[in-house]
>>> print(open('input.cif').read())   # mmCIF, C-alpha atoms
data_run
#
loop_
_atom_site.group_PDB
_atom_site.id
_atom_site.type_symbol
_atom_site.label_atom_id
_atom_site.label_comp_id
_atom_site.auth_asym_id
_atom_site.auth_seq_id
_atom_site.Cartn_x
_atom_site.Cartn_y
_atom_site.Cartn_z
ATOM 1 C CA MET V 1 -39.988 -37.472 -32.825
ATOM 2 C CA ALA V 2 -37.060 -38.095 -30.477
ATOM 3 C CA HIS V 3 -37.828 -38.750 -26.833
ATOM 4 C CA PRO V 4 -35.949 -36.874 -24.113
ATOM 5 C CA PRO V 5 -33.135 -38.926 -22.601
ATOM 6 C CA LYS V 6 -33.935 -40.879 -19.466
ATOM 7 C CA ILE V 7 -31.111 -40.350 -16.991
ATOM 8 C CA LEU V 8 -30.676 -40.605 -13.254
ATOM 9 C CA VAL V 9 -29.972 -37.243 -11.614
ATOM 10 C CA PRO V 10 -28.115 -37.542 -8.291
ATOM 11 C CA LEU V 11 -29.627 -35.786 -5.276
ATOM 12 C CA THR V 12 -27.911 -32.634 -4.075
ATOM 13 C CA ALA V 13 -27.835 -31.455 -0.469
ATOM 14 C CA THR V 14 -30.618 -28.984 -1.348
ATOM 15 C CA ASP V 15 -32.702 -31.814 -2.821
ATOM 16 C CA ARG V 16 -32.304 -33.866 0.350
ATOM 17 C CA LEU V 17 -33.233 -30.873 2.509
ATOM 18 C CA LEU V 18 -36.371 -30.231 0.452
ATOM 19 C CA GLU V 19 -37.409 -33.898 0.672
ATOM 20 C CA VAL V 20 -36.942 -33.946 4.456
ATOM 21 C CA LEU V 21 -38.798 -30.648 4.840
ATOM 22 C CA ALA V 22 -41.758 -31.857 2.750
ATOM 23 C CA LEU V 23 -41.980 -35.094 4.724
ATOM 24 C CA PHE V 24 -41.689 -33.190 8.028
ATOM 25 C CA LEU V 25 -44.541 -30.853 6.992
ATOM 26 C CA LEU V 26 -46.695 -33.796 5.920
ATOM 27 C CA LEU V 27 -46.149 -35.760 9.123
ATOM 28 C CA GLY V 28 -46.685 -32.591 11.174
ATOM 29 C CA SER V 29 -49.980 -32.008 9.360
ATOM 30 C CA TRP V 30 -51.206 -35.477 10.227
ATOM 31 C CA ILE V 31 -50.171 -35.150 13.862
ATOM 32 C CA TYR V 32 -51.822 -31.716 14.081
ATOM 33 C CA ALA V 33 -54.990 -33.084 12.443
ATOM 34 C CA LEU V 34 -55.233 -35.988 14.856
ATOM 35 C CA LEU V 35 -54.688 -33.705 17.845
ATOM 36 C CA MET V 36 -57.072 -30.954 16.749
ATOM 37 C CA TYR V 37 -59.897 -32.939 15.160
ATOM 38 C CA PRO V 38 -61.601 -33.823 18.473
ATOM 39 C CA LYS V 39 -61.503 -30.147 19.526
ATOM 40 C CA LEU V 40 -63.303 -28.853 16.426
ATOM 41 C CA PRO V 41 -67.020 -28.069 16.397
ATOM 42 C CA GLU V 42 -69.193 -30.242 14.155
ATOM 43 C CA THR V 43 -69.529 -27.408 11.580
ATOM 44 C CA ILE V 44 -66.441 -25.517 10.403
ATOM 45 C CA ALA V 45 -65.619 -22.884 7.785
ATOM 46 C CA ILE V 46 -64.467 -24.650 4.624
ATOM 47 C CA HIS V 47 -64.274 -21.741 2.188
ATOM 48 C CA PHE V 48 -63.220 -18.100 2.402
ATOM 49 C CA ASP V 49 -63.866 -15.081 0.188
ATOM 50 C CA GLY V 50 -61.124 -12.835 -1.202
ATOM 51 C CA GLN V 51 -60.984 -10.805 2.015
ATOM 52 C CA GLY V 52 -60.556 -13.919 4.145
ATOM 53 C CA ASN V 53 -64.099 -14.066 5.512
ATOM 54 C CA PRO V 54 -65.731 -17.492 5.811
ATOM 55 C CA ASP V 55 -68.441 -17.930 3.163
ATOM 56 C CA GLY V 56 -68.898 -21.694 3.138
ATOM 57 C CA TYR V 57 -69.411 -24.198 5.943
ATOM 58 C CA GLY V 58 -69.378 -27.961 6.223
ATOM 59 C CA GLY V 59 -68.804 -30.860 8.555
ATOM 60 C CA LYS V 60 -65.518 -31.193 10.361
ATOM 61 C CA VAL V 61 -64.635 -34.173 8.165
ATOM 62 C CA PHE V 62 -63.512 -31.535 5.632
ATOM 63 C CA PHE V 63 -60.637 -30.825 8.014
ATOM 64 C CA LEU V 64 -59.317 -34.340 7.370
ATOM 65 C CA ILE V 65 -59.875 -33.928 3.642
ATOM 66 C CA GLU V 66 -57.437 -30.979 3.712
ATOM 67 C CA VAL V 67 -54.741 -33.287 5.082
ATOM 68 C CA ALA V 68 -55.656 -36.025 2.611
ATOM 69 C CA VAL V 69 -55.314 -33.611 -0.323
ATOM 70 C CA GLY V 70 -51.902 -32.501 0.958
ATOM 71 C CA THR V 71 -50.896 -36.157 1.202
ATOM 72 C CA ALA V 72 -52.152 -36.901 -2.314
ATOM 73 C CA LEU V 73 -50.137 -33.977 -3.705
ATOM 74 C CA TYR V 74 -47.058 -35.197 -1.843
ATOM 75 C CA VAL V 75 -47.434 -38.688 -3.338
ATOM 76 C CA LEU V 76 -48.148 -37.363 -6.840
ATOM 77 C CA LEU V 77 -45.171 -34.980 -6.861
ATOM 78 C CA THR V 78 -42.908 -37.690 -5.449
ATOM 79 C CA PHE V 79 -43.963 -40.008 -8.288
ATOM 80 C CA LEU V 80 -43.549 -37.307 -10.953
ATOM 81 C CA GLY V 81 -40.137 -36.480 -9.513
ATOM 82 C CA ARG V 82 -38.975 -39.903 -10.632
ATOM 83 C CA HIS V 83 -39.688 -39.031 -14.283
ATOM 84 C CA PRO V 84 -38.147 -35.681 -15.270
ATOM 85 C CA GLU V 85 -38.188 -36.801 -18.905
ATOM 86 C CA TRP V 86 -41.994 -36.403 -18.827
ATOM 87 C CA PHE V 87 -41.815 -32.663 -18.052
ATOM 88 C CA ASN V 88 -42.146 -29.863 -20.576
ATOM 89 C CA TYR V 89 -39.010 -27.750 -20.951
ATOM 90 C CA PRO V 90 -38.530 -24.335 -22.548
ATOM 91 C CA VAL V 91 -35.822 -25.772 -24.806
ATOM 92 C CA LYS V 92 -35.056 -29.026 -26.588
ATOM 93 C CA VAL V 93 -33.635 -31.561 -24.143
ATOM 94 C CA THR V 94 -30.455 -33.232 -25.334
ATOM 95 C CA THR V 95 -28.046 -35.642 -23.696
ATOM 96 C CA ASP V 96 -25.742 -32.659 -23.086
ATOM 97 C CA ASN V 97 -28.225 -30.361 -21.326
ATOM 98 C CA ALA V 98 -30.478 -33.028 -19.750
ATOM 99 C CA PRO V 99 -28.572 -33.379 -16.446
ATOM 100 C CA ARG V 100 -28.658 -29.615 -15.870
ATOM 101 C CA LEU V 101 -32.291 -29.146 -16.954
ATOM 102 C CA TYR V 102 -33.519 -32.216 -15.093
ATOM 103 C CA GLY V 103 -31.649 -31.117 -11.976
ATOM 104 C CA TRP V 104 -33.376 -27.720 -11.948
ATOM 105 C CA ALA V 105 -36.755 -29.201 -12.876
ATOM 106 C CA LEU V 106 -36.528 -31.805 -10.119
ATOM 107 C CA GLN V 107 -35.487 -29.179 -7.600
ATOM 108 C CA MET V 108 -38.511 -27.136 -8.685
ATOM 109 C CA MET V 109 -40.769 -30.152 -8.151
ATOM 110 C CA ARG V 110 -39.299 -30.732 -4.705
ATOM 111 C CA SER V 111 -39.705 -27.050 -3.837
ATOM 112 C CA LEU V 112 -43.300 -27.115 -5.057
ATOM 113 C CA LYS V 113 -43.880 -30.219 -2.954
ATOM 114 C CA VAL V 114 -42.723 -28.317 0.129
ATOM 115 C CA VAL V 115 -44.812 -25.285 -0.824
ATOM 116 C CA LEU V 116 -47.973 -27.271 -1.597
ATOM 117 C CA VAL V 117 -47.778 -29.430 1.533
ATOM 118 C CA GLY V 118 -47.036 -26.217 3.449
ATOM 119 C CA ILE V 119 -50.050 -24.518 1.875
ATOM 120 C CA PHE V 120 -52.341 -27.290 3.019
ATOM 121 C CA ALA V 121 -50.753 -27.163 6.480
ATOM 122 C CA ALA V 122 -51.426 -23.395 6.562
ATOM 123 C CA ILE V 123 -55.023 -23.927 5.442
ATOM 124 C CA GLN V 124 -55.393 -26.570 8.111
ATOM 125 C CA TRP V 125 -54.021 -24.199 10.780
ATOM 126 C CA GLN V 126 -56.309 -21.436 9.519
ATOM 127 C CA THR V 127 -59.318 -23.764 9.697
ATOM 128 C CA VAL V 128 -58.579 -24.517 13.340
ATOM 129 C CA GLN V 129 -58.038 -20.847 14.186
ATOM 130 C CA VAL V 130 -61.337 -19.802 12.613
ATOM 131 C CA ALA V 131 -63.207 -22.720 14.197
ATOM 132 C CA LEU V 132 -61.866 -22.152 17.702
ATOM 133 C CA HIS V 133 -61.491 -18.350 17.594
ATOM 134 C CA PRO V 134 -64.357 -16.782 15.600
ATOM 135 C CA ASP V 135 -62.698 -13.358 15.850
ATOM 136 C CA PHE V 136 -59.507 -14.616 14.126
ATOM 137 C CA SER V 137 -58.406 -11.958 11.646
ATOM 138 C CA GLY V 138 -55.297 -13.441 10.046
ATOM 139 C CA THR V 139 -56.957 -15.249 7.160
ATOM 140 C CA ALA V 140 -56.064 -12.609 4.570
ATOM 141 C CA TYR V 141 -52.397 -12.965 5.557
ATOM 142 C CA VAL V 142 -52.571 -16.733 5.145
ATOM 143 C CA ILE V 143 -54.068 -16.331 1.662
ATOM 144 C CA GLY V 144 -51.436 -13.735 0.705
ATOM 145 C CA GLY V 145 -48.622 -15.928 1.987
ATOM 146 C CA ILE V 146 -49.944 -18.879 0.023
ATOM 147 C CA LEU V 147 -50.011 -16.905 -3.223
ATOM 148 C CA ILE V 148 -46.532 -15.468 -2.708
ATOM 149 C CA ALA V 149 -45.042 -18.872 -1.842
ATOM 150 C CA LEU V 150 -46.647 -20.658 -4.759
ATOM 151 C CA PHE V 151 -46.035 -18.147 -7.538
ATOM 152 C CA GLY V 152 -42.657 -17.068 -6.168
ATOM 153 C CA THR V 153 -41.424 -20.658 -6.321
ATOM 154 C CA ILE V 154 -42.763 -21.230 -9.828
ATOM 155 C CA PHE V 155 -41.324 -18.007 -11.238
ATOM 156 C CA TYR V 156 -37.934 -18.504 -9.562
ATOM 157 C CA TYR V 157 -37.466 -21.943 -11.089
ATOM 158 C CA LEU V 158 -38.818 -20.967 -14.490
ATOM 159 C CA ILE V 159 -36.241 -18.190 -14.597
ATOM 160 C CA GLN V 160 -33.543 -20.685 -13.598
ATOM 161 C CA LEU V 161 -34.617 -23.107 -16.338
ATOM 162 C CA PHE V 162 -34.442 -20.352 -18.956
ATOM 163 C CA LYS V 163 -30.989 -19.353 -17.705
ATOM 164 C CA GLN V 164 -29.838 -22.972 -17.957
ATOM 165 C CA SER V 165 -30.989 -23.324 -21.555
#
>>> encode(input="input.cif", output="structure tokens")
Amino acid sequence: MAHPPKILVPLTATDRLLEVLALFLLLGSWIYALLMYPKLPETIAIHFDGQGNPDGYGGKVFFLIEVAVGTALYVLLTFLGRHPEWFNYPVKVTTDNAPRLYGWALQMMRSLKVVLVGIFAAIQWQTVQVALHPDFSGTAYVIGGILIALFGTIFYYLIQLFKQS
């Protein structure tokens, strides 16, 4: 079985923007966490039902775990972004179509990195809002926004990959 070609795909302006945005969101999450952690009560909501109501509680250390998970995803997606030949593609990858397919796949990974780090930043913000304002009612909007951002990004790039094949 032939292995997909291993080639270096140059960064586009969009790629650079996505990388900067992901890093900005990650650093902002850490700064926000360090500023807000001392203000949180010892017990915070750590899980929400489908309507956005808290249904699970834990220690405020879970707030830092949210940031750590966002950081782990950032690191993982950055590492995977260095190996587009490892990805699954909807068509056979050849030396002719590899630069185009890898370019779209890498842009998808960078976009997902922004979305996933952004999702954990939104969850982090939501956690603070619920902890400090028990009457906060925007949780359902946060959950809806997360789903739209995640699946919208995936479907957009899958469509682009099929168009490129």
>>> closest_residue(input="input.cif", among="V:Leu80, V:Pro54, V:Leu21, V:Ala13", to="Gln129 of chain V", atoms="all atoms listed in the file")
V:Pro54
>>> residues_near_point(input="input.cif", point="(-39.9, -33.3, -27.0)", cutoff="12 Å", atoms="all atoms listed in the file", output="ChimeraX atom specification")
/V:1-5,85-94,98
>>> write_last_selection(input="input.cif", atoms="C-alpha atoms", output="mmCIF file, keeping the file's coordinate frame")
data_model
loop_
_atom_site.group_PDB
_atom_site.id
_atom_site.type_symbol
_atom_site.label_atom_id
_atom_site.label_comp_id
_atom_site.auth_asym_id
_atom_site.auth_seq_id
_atom_site.Cartn_x
_atom_site.Cartn_y
_atom_site.Cartn_z
ATOM 1 C CA MET V 1 -39.988 -37.472 -32.825
ATOM 2 C CA ALA V 2 -37.060 -38.095 -30.477
ATOM 3 C CA HIS V 3 -37.828 -38.750 -26.833
ATOM 4 C CA PRO V 4 -35.949 -36.874 -24.113
ATOM 5 C CA PRO V 5 -33.135 -38.926 -22.601
ATOM 6 C CA GLU V 85 -38.188 -36.801 -18.905
ATOM 7 C CA TRP V 86 -41.994 -36.403 -18.827
ATOM 8 C CA PHE V 87 -41.815 -32.663 -18.052
ATOM 9 C CA ASN V 88 -42.146 -29.863 -20.576
ATOM 10 C CA TYR V 89 -39.010 -27.750 -20.951
ATOM 11 C CA PRO V 90 -38.530 -24.335 -22.548
ATOM 12 C CA VAL V 91 -35.822 -25.772 -24.806
ATOM 13 C CA LYS V 92 -35.056 -29.026 -26.588
ATOM 14 C CA VAL V 93 -33.635 -31.561 -24.143
ATOM 15 C CA THR V 94 -30.455 -33.232 -25.334
ATOM 16 C CA ALA V 98 -30.478 -33.028 -19.750
#
>>> atom_distance(input="input.cif", atom1="atom CA of Phe48 of chain V", atom2="atom CA of Val75 of chain V")
26.6 Å
>>> closest_residue(input="input.cif", among="V:Phe63, V:Asp55, V:Thr139, V:Leu101", to="Leu35 of chain V", atoms="all atoms listed in the file")
V:Phe63
>>> atom_distance(input="input.cif", atom1="atom CA of Lys60 of chain V", atom2="atom CA of Glu42 of chain V")
5.4 Å
>>> closest_residue(input="input.cif", among="V:His83, V:Arg100, V:Lys113, V:His47", to="Gly70 of chain V", atoms="all atoms listed in the file")
V:Lys113
>>> residues_around(input="input.cif", residues="segment 141-143 of chain V", least_positions_apart="4", cutoff="12 Å", atoms="all atoms listed in the file", output="list in words")
His47, Phe48, Asp49, Gly50, Gln51, Gly52, Asn53, Gly118, Ile119, Phe120, Ala121, Ala122, Ile123, Gln124, Trp125, Gln126, Thr127, Gln129, Val130, Phe136, Ser137, Leu147, Ile148, Ala149 and Leu150 of chain V
>>> atom_distance(input="input.cif", atom1="atom CA of Thr71 of chain V", atom2="atom CA of Val117 of chain V")
7.4 Å
>>> residues_around(input="input.cif", residues="Ile154 of chain V", least_positions_apart="6", cutoff="12 Å", atoms="all atoms listed in the file", output="PyMOL selection string")
chain V and resi 104-105+107-113+115-116+147-148+160-161
>>> closest_residue(input="input.cif", among="V:Gly56, V:Leu23, V:Tyr32, V:Tyr102", to="Leu73 of chain V", atoms="only C-alpha atoms")
V:Leu23
>>> closest_residue(input="input.cif", among="V:Val67, V:Leu8, V:Leu40, V:Ile159", to="Arg82 of chain V", atoms="all atoms listed in the file")
V:Leu8
>>> axis_aligned_box(input="input.cif", around="segment 77-91 of chain V", padding_each_side="4 Å", output="JSON")
{"center_x": -40.5, "center_y": -32.2, "center_z": -15.1, "size_x": 17.3, "size_y": 23.7, "size_z": 27.4}
>>> closest_residue(input="input.cif", among="V:Ile44, V:Ala72, V:Leu18, V:Val114", to="Tyr57 of chain V", atoms="all atoms listed in the file")
V:Ile44
